[in-house]
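Chemist: One file: structure.cif (mmCIF, C-alpha atoms).
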```cif
data_run
loop_
_atom_site.label_atom_id
_atom_site.label_comp_id
_atom_site.auth_asym_id
_atom_site.auth_seq_id
_atom_site.Cartn_x
_atom_site.Cartn_y
_atom_site.Cartn_z
CA MET A 246 9.91 -54.49 122.46
CA PRO A 247 7.64 -57.30 121.19
CA LYS A 248 9.07 -59.72 118.67
CA VAL A 249 6.12 -60.75 116.53
CA LEU A 250 3.30 -58.73 115.03
CA ILE A 251 0.19 -60.65 114.05
CA VAL A 252 -2.32 -58.85 111.87
CA GLU A 253 -5.38 -61.07 111.68
CA ASP A 254 -9.07 -60.24 111.91
CA ASP A 255 -10.34 -63.77 112.44
CA SER A 256 -10.27 -64.81 116.09
CA SER A 257 -9.93 -68.53 115.25
CA TRP A 258 -6.82 -67.81 113.25
CA GLN A 259 -5.50 -65.47 115.90
CA ARG A 260 -5.74 -68.43 118.29
CA ILE A 261 -3.99 -70.73 115.83
CA HIS A 262 -1.13 -68.26 115.40
CA LEU A 263 -0.83 -67.74 119.15
CA THR A 264 -0.80 -71.49 119.74
CA ALA A 265 2.02 -71.80 117.23
CA LEU A 266 4.00 -69.30 119.27
CA GLU A 267 3.38 -70.97 122.62
CA GLY A 268 6.62 -72.26 124.04
CA ILE A 269 8.60 -70.15 121.57
CA LEU A 270 7.78 -66.71 122.88
CA GLU A 271 6.38 -65.00 125.96
CA LYS A 272 2.93 -63.45 125.51
CA SER A 273 4.47 -60.02 126.02
CA ASP A 274 6.60 -60.60 122.94
CA ILE A 275 3.55 -60.88 120.71
CA VAL A 276 1.31 -58.08 119.47
CA VAL A 277 -1.99 -59.00 117.87
CA VAL A 278 -3.97 -56.45 115.93
CA SER A 279 -7.31 -57.17 114.34
CA SER A 280 -7.24 -55.07 111.20
CA TYR A 281 -4.81 -53.52 108.79
CA GLU A 282 -5.93 -50.10 110.08
CA ASP A 283 -4.82 -51.08 113.56
CA ALA A 284 -1.55 -52.24 112.04
CA THR A 285 -0.86 -48.64 110.99
CA SER A 286 -0.30 -47.85 114.67
CA ARG A 287 2.63 -50.32 114.69
CA LEU A 288 4.47 -49.38 111.53
CA VAL A 289 7.23 -47.50 113.34
CA VAL A 290 8.24 -50.60 115.29
CA GLU A 291 10.49 -53.21 113.74
CA TYR A 292 9.57 -56.76 114.69
CA ALA A 293 11.56 -59.94 114.24
CA ALA A 294 8.66 -61.47 112.34
CA TYR A 295 5.32 -60.46 110.90
CA ILE A 296 2.34 -62.75 110.36
CA LEU A 297 -0.10 -60.99 108.07
CA ASP A 298 -3.52 -62.06 107.01
CA GLY A 299 -3.73 -61.63 103.26
CA GLU A 300 -7.24 -60.26 102.99
CA PHE A 301 -9.37 -57.75 104.90
CA PRO A 302 -12.05 -57.19 105.96
CA ARG A 303 -13.96 -60.28 106.93
CA GLN A 304 -17.26 -58.55 107.72
CA GLN A 305 -20.32 -59.89 105.96
CA GLY A 306 -21.33 -58.08 102.83
CA GLN A 307 -17.92 -56.58 102.18
CA THR A 308 -15.59 -57.72 99.47
CA PRO A 309 -12.23 -58.74 100.92
CA GLN A 310 -9.31 -56.71 99.65
CA ARG A 311 -5.72 -57.85 99.36
CA LEU A 312 -4.56 -55.42 101.99
CA GLY A 313 -2.10 -57.86 103.55
CA ILE A 314 0.00 -57.64 100.41
CA GLY A 315 0.02 -53.83 100.61
CA LEU A 316 0.98 -54.04 104.25
CA ALA A 317 3.82 -56.43 103.44
CA GLU A 318 5.10 -54.02 100.78
CA GLU A 319 4.92 -51.13 103.25
CA ILE A 320 6.83 -53.09 105.89
CA HIS A 321 9.41 -54.13 103.30
CA SER A 322 9.83 -50.48 102.25
CA ARG A 323 10.98 -49.87 105.82
CA SER A 324 14.02 -52.09 105.31
CA VAL A 325 12.45 -55.31 106.56
CA PRO A 326 13.39 -58.21 104.28
CA TYR A 327 10.56 -60.32 102.93
CA ASP A 328 11.95 -63.41 104.65
CA ARG A 329 10.70 -61.99 107.97
CA ILE A 330 7.16 -61.65 106.67
CA ILE A 331 4.67 -64.52 106.62
CA ILE A 332 1.49 -64.18 104.61
CA ALA A 333 -1.42 -66.37 105.63
CA SER A 334 -4.40 -66.69 103.35
CA GLY A 335 -6.95 -69.13 102.06
CA ASN A 336 -6.78 -67.44 98.66
CA SER A 337 -4.34 -69.28 96.42
CA SER A 338 -3.97 -66.48 93.87
CA LEU A 339 -3.11 -64.08 96.68
CA LEU A 340 -0.46 -66.48 97.93
CA LYS A 341 0.92 -66.68 94.40
CA GLU A 342 1.06 -62.88 94.34
CA ALA A 343 2.90 -62.89 97.66
CA ARG A 344 5.42 -65.37 96.33
CA ALA A 345 5.94 -63.28 93.21
CA LEU A 346 6.70 -60.35 95.48
CA GLY A 347 9.50 -62.33 97.13
CA ILE A 348 7.69 -63.65 100.18
CA GLU A 349 8.76 -67.26 100.57
CA LYS A 350 6.92 -68.01 103.81
CA ILE A 351 3.41 -68.18 102.58
CA TYR A 352 0.98 -70.04 104.69
CA SER A 353 -2.10 -71.58 103.19
CA LYS A 354 -5.07 -71.38 105.48
CA GLY A 355 -6.99 -74.56 105.20
CA SER A 356 -10.21 -75.14 107.03
CA PRO A 357 -9.81 -74.13 110.66
CA MET A 358 -10.58 -77.74 111.65
CA ILE A 359 -8.42 -79.23 114.34
CA GLU A 360 -6.35 -81.43 112.00
CA ALA A 361 -5.68 -78.67 109.50
CA GLY A 362 -5.00 -76.23 112.32
CA GLU A 363 -2.42 -78.52 113.89
CA ARG A 364 -0.64 -78.96 110.60
CA ASP A 365 -0.60 -75.21 110.10
CA ILE A 366 0.66 -74.61 113.60
CA GLN A 367 3.57 -76.97 113.09
CA GLN A 368 4.51 -75.29 109.82
CA LEU A 369 4.17 -71.81 111.28
CA ALA A 370 6.28 -72.70 114.31
CA LYS A 371 8.91 -74.15 111.97
CA ASP A 372 8.92 -70.95 109.92
CA LEU A 373 9.11 -68.68 112.92
CA LYS A 374 11.88 -70.31 114.93
CA PRO A 375 14.79 -69.18 112.75
CA LEU A 376 13.44 -65.61 112.69
CA LEU A 377 13.40 -65.34 116.45
CA ARG A 378 16.93 -66.47 117.20
CA MET B 182 -4.56 -57.41 122.12
CA THR B 183 -4.79 -53.88 120.82
CA GLN B 184 -8.52 -53.82 120.08
CA LEU B 185 -9.44 -51.40 122.83
CA LYS B 186 -12.97 -50.52 123.82
CA LYS B 187 -14.37 -47.16 124.74
CA VAL B 188 -14.60 -46.18 128.38
CA ASN B 189 -18.16 -46.25 129.73
CA MET B 190 -19.27 -44.49 132.91
CA ASP B 191 -18.55 -47.53 135.12
CA ASP B 192 -15.10 -47.95 133.61
CA LEU B 193 -14.53 -44.25 134.08
CA GLN B 194 -15.17 -44.45 137.82
CA ARG B 195 -12.90 -47.47 138.10
CA LEU B 196 -10.13 -45.93 136.02
CA LYS B 197 -10.02 -42.48 137.59
CA PRO B 198 -8.05 -43.56 140.67
CA ILE B 199 -5.78 -45.59 138.44
CA VAL B 200 -4.85 -42.76 136.10
CA LYS B 201 -4.89 -39.98 138.68
CA PHE B 202 -1.50 -39.39 140.26
CA ASN B 203 -1.10 -40.26 143.93
CA SER B 204 1.16 -38.10 146.07
CA ALA B 205 4.37 -40.00 145.22
CA GLU B 206 3.54 -39.83 141.53
CA SER B 207 2.70 -36.12 141.69
CA GLU B 208 5.98 -35.49 143.42
CA TYR B 209 7.85 -37.49 140.80
CA TRP B 210 6.08 -35.64 137.98
CA LYS B 211 6.89 -32.21 139.37
CA ASP B 212 10.51 -33.23 139.82
CA MET B 213 10.62 -34.70 136.32
CA GLU B 214 9.28 -31.46 134.85
CA ARG B 215 11.83 -29.45 136.82
CA ARG B 216 14.67 -31.65 135.53
CA ARG B 217 13.28 -31.55 131.99
CA ASP B 218 13.08 -27.77 131.98
CA ALA B 219 16.59 -27.50 133.38
CA GLN B 220 18.13 -29.98 130.95
CA VAL B 221 16.15 -29.61 127.76
CA ASN B 222 15.85 -26.56 125.58
CA LYS B 223 12.15 -25.73 125.40
CA GLU B 224 12.10 -25.86 121.60
CA ASP B 225 14.21 -28.98 121.20
CA TYR B 226 11.53 -31.61 120.93
CA ARG B 227 13.84 -34.40 119.79
CA VAL B 228 15.85 -34.06 122.99
CA ARG B 229 12.61 -33.78 124.92
CA ILE B 230 11.44 -37.09 123.41
CA ALA B 231 14.73 -38.76 124.36
CA PHE B 232 14.34 -37.36 127.87
CA TYR B 233 10.83 -38.83 128.22
CA LYS B 234 11.98 -42.20 126.86
CA ASP B 235 14.79 -42.29 129.41
CA GLU B 236 12.28 -41.45 132.12
CA LEU B 237 10.07 -44.30 130.97
CA GLU B 238 12.92 -46.71 131.61
CA VAL B 239 13.83 -45.09 134.90
CA VAL B 240 10.30 -45.31 136.35
CA HIS B 241 9.78 -48.93 135.28
CA GLY B 242 8.64 -50.73 138.43
CA ARG B 243 9.13 -47.67 140.62
CA PHE B 244 5.43 -47.30 141.40
CA GLY B 245 4.65 -50.98 141.74
CA ASP B 246 1.79 -52.03 139.50
CA ARG B 247 0.47 -48.49 139.12
CA ILE B 248 0.55 -47.27 135.54
CA ALA B 249 -0.43 -43.59 135.85
CA VAL B 250 3.08 -42.22 135.29
CA GLU B 251 3.93 -44.69 132.54
CA ARG B 252 0.71 -43.83 130.74
CA ARG B 253 1.30 -40.09 130.99
CA LEU B 254 4.92 -40.38 129.83
CA LYS B 255 3.86 -42.35 126.78
CA TYR B 256 1.31 -39.69 126.02
CA ALA B 257 3.98 -37.00 126.45
CA ILE B 258 6.20 -38.79 123.93
CA GLY B 259 3.34 -39.03 121.44
CA HIS B 260 2.47 -35.39 121.98
CA SER B 261 6.07 -34.32 121.44
CA TYR B 262 6.29 -36.24 118.17
CA GLU B 263 3.04 -34.70 117.02
CA TRP B 264 4.18 -31.22 117.96
CA LEU B 265 7.49 -31.82 116.19
CA GLY B 266 5.69 -32.88 113.03
CA THR B 267 3.13 -30.10 113.20
CA HIS B 268 5.09 -27.04 114.26
CA VAL B 269 8.82 -27.63 114.40
CA GLU B 270 10.28 -29.71 111.59
CA LYS B 271 8.47 -28.02 108.76
CA GLU B 272 11.41 -28.34 106.37
CA LEU B 273 11.52 -32.12 106.52
CA ALA B 274 10.63 -34.12 103.43
CA PRO B 275 6.94 -35.07 103.62
CA ILE B 276 7.66 -38.79 104.08
CA GLU B 277 9.98 -38.08 106.99
CA ARG B 278 7.44 -35.71 108.45
CA ALA B 279 4.78 -38.41 108.10
CA LYS B 280 7.00 -40.69 110.18
CA LEU B 281 6.85 -38.22 113.07
CA PHE B 282 3.06 -38.52 113.02
CA GLU B 283 3.33 -42.30 112.78
CA GLU B 284 5.47 -42.21 115.92
CA ALA B 285 2.82 -40.06 117.59
CA VAL B 286 0.14 -42.59 116.59
CA PHE B 287 2.21 -45.40 118.07
CA TRP B 288 2.85 -43.68 121.41
CA TYR B 289 -0.73 -42.47 121.82
CA GLN B 290 -1.87 -46.03 121.15
CA LEU B 291 0.60 -47.43 123.71
CA SER B 292 -0.65 -44.89 126.20
CA ASP B 293 -4.23 -46.13 125.89
CA GLU B 294 -3.08 -49.75 125.88
CA THR B 295 -1.51 -49.09 129.28
CA ILE B 296 -5.01 -49.03 130.76
CA GLY B 297 -6.66 -51.21 128.12
CA PHE B 298 -9.25 -48.66 127.00
CA LEU B 299 -9.68 -46.02 124.35
CA THR B 300 -9.71 -42.70 126.14
CA ASP B 301 -9.62 -39.08 125.09
CA PHE B 302 -5.98 -39.75 124.14
CA ALA B 303 -7.45 -41.54 121.13
CA LEU B 304 -8.69 -38.19 119.86
CA ARG B 305 -5.09 -37.00 119.62
CA GLN B 306 -4.19 -40.31 117.99
CA SER B 307 -6.91 -39.69 115.46
CA GLU B 308 -5.44 -36.29 114.64
CA ALA B 309 -1.96 -37.82 114.33
CA CYS B 310 -3.35 -40.48 111.94
CA MET B 311 -4.68 -37.72 109.73
CA GLY B 312 -1.30 -35.95 109.90
CA ALA B 313 0.47 -39.15 108.87
CA ALA B 314 -1.92 -39.64 105.96
CA HIS B 315 -1.60 -36.01 104.87
CA TYR B 316 2.19 -36.05 104.68
CA ARG B 317 2.31 -39.53 103.13
CA ARG B 318 0.10 -38.19 100.36
CA LEU B 319 2.25 -35.10 99.96
CA GLY B 320 5.20 -37.45 99.62
CA GLY B 321 3.46 -39.38 96.85
CA LEU B 322 2.48 -42.39 98.97
CA GLU B 323 -1.12 -42.74 97.93
CA ASN B 324 -1.63 -46.38 98.84
CA GLU B 325 -3.73 -48.68 101.02
CA VAL B 326 -1.68 -47.95 104.11
CA THR B 327 -2.26 -44.21 103.65
CA LYS B 328 -5.97 -44.95 103.38
CA GLY B 329 -5.56 -47.12 106.47
CA PHE B 330 -4.37 -44.10 108.44
CA ILE B 331 -7.40 -42.09 107.30
CA GLN B 332 -9.77 -44.91 108.18
CA ARG B 333 -8.12 -45.36 111.55
CA GLY B 334 -8.28 -41.63 112.25
CA THR B 335 -11.98 -41.59 111.46
CA SER B 336 -12.83 -44.83 113.25
CA LEU B 337 -11.08 -43.66 116.43
CA LEU B 338 -13.26 -40.54 116.44
CA VAL B 339 -16.36 -42.63 115.91
CA ARG B 340 -15.37 -45.12 118.59
CA VAL B 341 -14.66 -42.43 121.18
CA LEU B 342 -17.28 -39.83 120.36
CA GLY B 343 -20.02 -42.01 118.90
CA PRO B 344 -21.30 -42.34 115.34
CA ASN B 345 -23.52 -39.26 115.15
CA PHE B 346 -21.12 -36.57 114.10
CA THR B 347 -19.46 -35.28 110.97
CA VAL B 348 -15.77 -34.56 110.67
CA VAL B 349 -15.20 -31.15 109.13
CA THR B 350 -12.02 -29.27 108.39
CA GLY B 351 -11.25 -25.99 110.07
CA ASP B 352 -12.17 -25.07 113.62
CA MET B 353 -13.48 -27.73 115.92
CA PRO B 354 -17.29 -27.50 116.16
CA LYS B 355 -18.49 -26.37 119.56
CA SER B 356 -20.68 -29.46 119.92
CA LEU B 357 -17.64 -31.70 119.54
CA GLU B 358 -15.68 -29.75 122.11
CA GLU B 359 -18.52 -30.21 124.55
CA LYS B 360 -18.54 -33.96 124.00
CA ALA B 361 -14.86 -34.01 124.88
CA ASP B 362 -15.76 -32.81 128.35
CA VAL B 363 -16.19 -36.45 129.28
CA LYS B 364 -12.55 -37.09 129.83
CA LEU B 365 -10.37 -38.81 132.32
CA GLU B 366 -8.26 -35.92 133.43
CA GLU B 367 -7.49 -32.31 132.80
CA VAL B 368 -4.23 -32.90 130.99
CA VAL B 369 -5.95 -33.53 127.67
CA THR B 370 -8.13 -31.21 125.72
CA LEU B 371 -9.65 -32.16 122.45
CA TYR B 372 -7.56 -29.91 120.24
CA LEU B 373 -4.36 -29.07 122.02
CA PHE B 374 -3.17 -27.16 119.01
CA LYS B 375 -6.37 -25.27 118.36
CA ASN B 376 -4.76 -21.86 118.85
CA LYS B 377 -2.05 -22.70 116.36
CA SER B 378 -2.87 -22.48 112.73
CA ARG B 379 -2.43 -25.71 110.86
CA GLU B 380 -0.53 -25.44 107.66
CA SER B 381 -2.70 -25.10 104.63
CA THR B 382 -2.89 -28.28 102.61
#
```
Just give me the structure of the file as structure tokens.

Modeler:
Amino acid sequence: MPKVLIVEDDSSWQRIHLTALEGILEKSDIVVVSSYEDATSRLVVEYAAYILDGEFPRQQGQTPQRLGIGLAEEIHSRSVPYDRIIIASGNSSLLKEARALGIEKIYSKGSPMIEAGERDIQQLAKDLKPLLR
Amino acid sequence: MTQLKKVNMDDLQRLKPIVKFNSAESEYWKDMERRRDAQVNKEDYRVRIAFYKDELEVVHGRFGDRIAVERRLKYAIGHSYEWLGTHVEKELAPIERAKLFEEAVFWYQLSDETIGFLTDFALRQSEACMGAAHYRRLGGLENEVTKGFIQRGTSLLVRVLGPNFTVVTGDMPKSLEEKADVKLEEVVTLYLFKNKSREST
């Protein structure tokens, strides 16, 4: 079974997450879904680590909702400790909410510029390695 | 990636030989059904699911890169979970019953991912999403994830059947049944359980 579930609707950030996992995991060990609705089809599987976008959806004209937090709570309710869940968001108050929930591995999305992306990738890879042992 | 697209007519022609059993696969399937019926009590769907999962491991690599059997086994697992949740384990607590539908959703999705397209299997997945949402609500789980199941159930219907229809409760409208005629194979009908009454909500 795959080891990491990525729930992310932005393709740039999907790429950043996947790059972080290069060299750590085989592609077949990673499942990427593009919305929290798609994530509902994966709830019965337990993964070693979860990378969840904090807010959905990203479509123009729609107000983003903090669905990543709800998803994290749902996953946690299935006996997955919060230390295996990573929340990624550009919204600082959402990240604060995630931390208050008990999620230590919060991951602040900066601008998806190359420099910021590389920094994020290094941090994400550092966070993920212990979870995948 | 799990963002699957709907099969168009060109895809359909290309996929038919892929999903249709060849002679070796047909032979395997008949033998598998014979063994299943000999080993598994017809009403024991949990054992039936375990049987299919074992078969999935056994056939891994047996047919080279062909995925027809793997796809159909995954569908059979999803179908068994859905049947279990709908007709067999009626005494389960709603949350546990919801999990059976969640399993069905997962296996139906895996089945379509085997070929990389949303097929008529997605219609069953849609129904299972609604079952999961229904029993989560009955169990008091009225949250975003429950809404997520409803949205997924609806969006699968829209993605497979097109946007110009209305979902109604009760019997399947004739027009919708006709649309389901565009399907990959005879194993799936739109509402497999249409002759069984669903429990009242």

Chemist: At a cut-off of 7 Å, using only C-alpha atoms, what residues contact Asp293 of chain B? Leave out same-chain residues fewer than 6 positions from it and give the result as a PDB file with C-alpha atoms, in the frame of the given file.

Modeler:
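Wrote part_38.pdb, looks like this:
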```pdb
ATOM      1  CA  LEU B 299      -9.680 -46.020 124.350  1.00  0.00           C
ATOM      2  CA  THR B 300      -9.710 -42.700 126.140  1.00  0.00           C
ATOM      3  CA  PHE B 302      -5.980 -39.750 124.140  1.00  0.00           C
TER       4      PHE B 302
END
```

Chemist: Could you list, as JSON, numbers by chain, the residues of chain A having an atom within 10 Å of chain B when counting only C-alpha atoms?

Modeler: {"A": [251, 275, 276, 277, 278, 279, 280, 281, 282, 283, 284, 285, 286, 287, 288, 289, 290, 310, 311, 312, 313, 314, 315, 316, 318, 319]}

Chemist: Have a look at atom CA of Ser261 of chain B and atom CA of Arg195 of chain B and let me know their distance in Å, one decimal.

Modeler: 28.5 Å

Chemist: Please indicate the distance in Å from atom CA of Arg340 of chain B to atom CA of Lys186 of chain B, rounded to one decimal place.

Modeler: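 For atom CA of Arg340 of chain B relative to atom CA of Lys186 of chain B, the distance reads 7.9 Å.
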
Chemist: Using the chain letters and numbering of this document, enumerate as a PDB file with C-alpha atoms, keeping the file's coordinate frame the residues selected by the PyMOL selection byres ((chain B and resi 239-250) around 7).

Modeler:
```pdb
ATOM      1  CA  ILE B 199      -5.780 -45.590 138.440  1.00  0.00           C
ATOM      2  CA  VAL B 200      -4.850 -42.760 136.100  1.00  0.00           C
ATOM      3  CA  LYS B 201      -4.890 -39.980 138.680  1.00  0.00           C
ATOM      4  CA  PHE B 202      -1.500 -39.390 140.260  1.00  0.00           C
ATOM      5  CA  GLU B 206       3.540 -39.830 141.530  1.00  0.00           C
ATOM      6  CA  ASP B 235      14.790 -42.290 129.410  1.00  0.00           C
ATOM      7  CA  GLU B 236      12.280 -41.450 132.120  1.00  0.00           C
ATOM      8  CA  LEU B 237      10.070 -44.300 130.970  1.00  0.00           C
ATOM      9  CA  GLU B 238      12.920 -46.710 131.610  1.00  0.00           C
ATOM     10  CA  GLU B 251       3.930 -44.690 132.540  1.00  0.00           C
ATOM     11  CA  ARG B 252       0.710 -43.830 130.740  1.00  0.00           C
ATOM     12  CA  ARG B 253       1.300 -40.090 130.990  1.00  0.00           C
ATOM     13  CA  LEU B 254       4.920 -40.380 129.830  1.00  0.00           C
ATOM     14  CA  THR B 295      -1.510 -49.090 129.280  1.00  0.00           C
TER      15      THR B 295
END
```

Chemist: Would you work out the distance separating atom CA of Gly335 of chain A from atom CA of Lys354 of chain A, expressed in Å to one decimal?

Modeler: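 Computed distance, atom CA of Gly335 of chain A to atom CA of Lys354 of chain A, equals 4.5 Å.
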
Chemist: Which residues are near Ser338 of chain A? Cut-off 12 Å, only C-alpha atoms, ignore same chain within fewer than 6 positions. Put them as a list in words.

Modeler: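 The residues that qualify are Gly299, Glu300, Arg311, Ile314, Arg344, Ala345, Ile351 and Ser353 of chain A.
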
Chemist: Care to translate the PyMOL selection byres ((chain A and resi 294) around 6) into actual residues of this file, as JSON, numbers by chain?

Modeler: {"A": [249, 292, 293, 295, 329, 330]}

Chemist: Do a neighbour search on His262 of chain A at 12 Å with only C-alpha atoms, toss out local chain neighbours closer than 6 positions, and write the hits as a ChimeraX atom specification.

Modeler: /A:249-256,269-270,272,275-277,295-298,331-333,352,354,357,362-370,372-373

Chemist: Can you tell me, as a list in words, what residues are no more than 10 Å from Asp225 of chain B when counting all atoms listed in the file, ignoring any on the same chain fewer than 3 positions away?

Modeler: Val221, Asn222, Val228, Arg229, Ile230, Ser261, Leu265 and Val269 of chain B

Chemist: Could you list, as an MDAnalysis selection string, every residue within 9 Å of Glu277 of chain B, counting all atoms listed in the file and ignoring same-chain residues fewer than 3 positions away?

Modeler: chainID B and resid 273:274 280:281 316:317 320

Chemist: Please determine, counting only C-alpha atoms, which residue among A:Asp328, A:Glu349, A:Ile261, A:Glu342 has the shortest atom-to-atom distance to Pro375 of chain A.

Modeler: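 Ranked by minimum distance to Pro375 of chain A, first place goes to A:Asp328.
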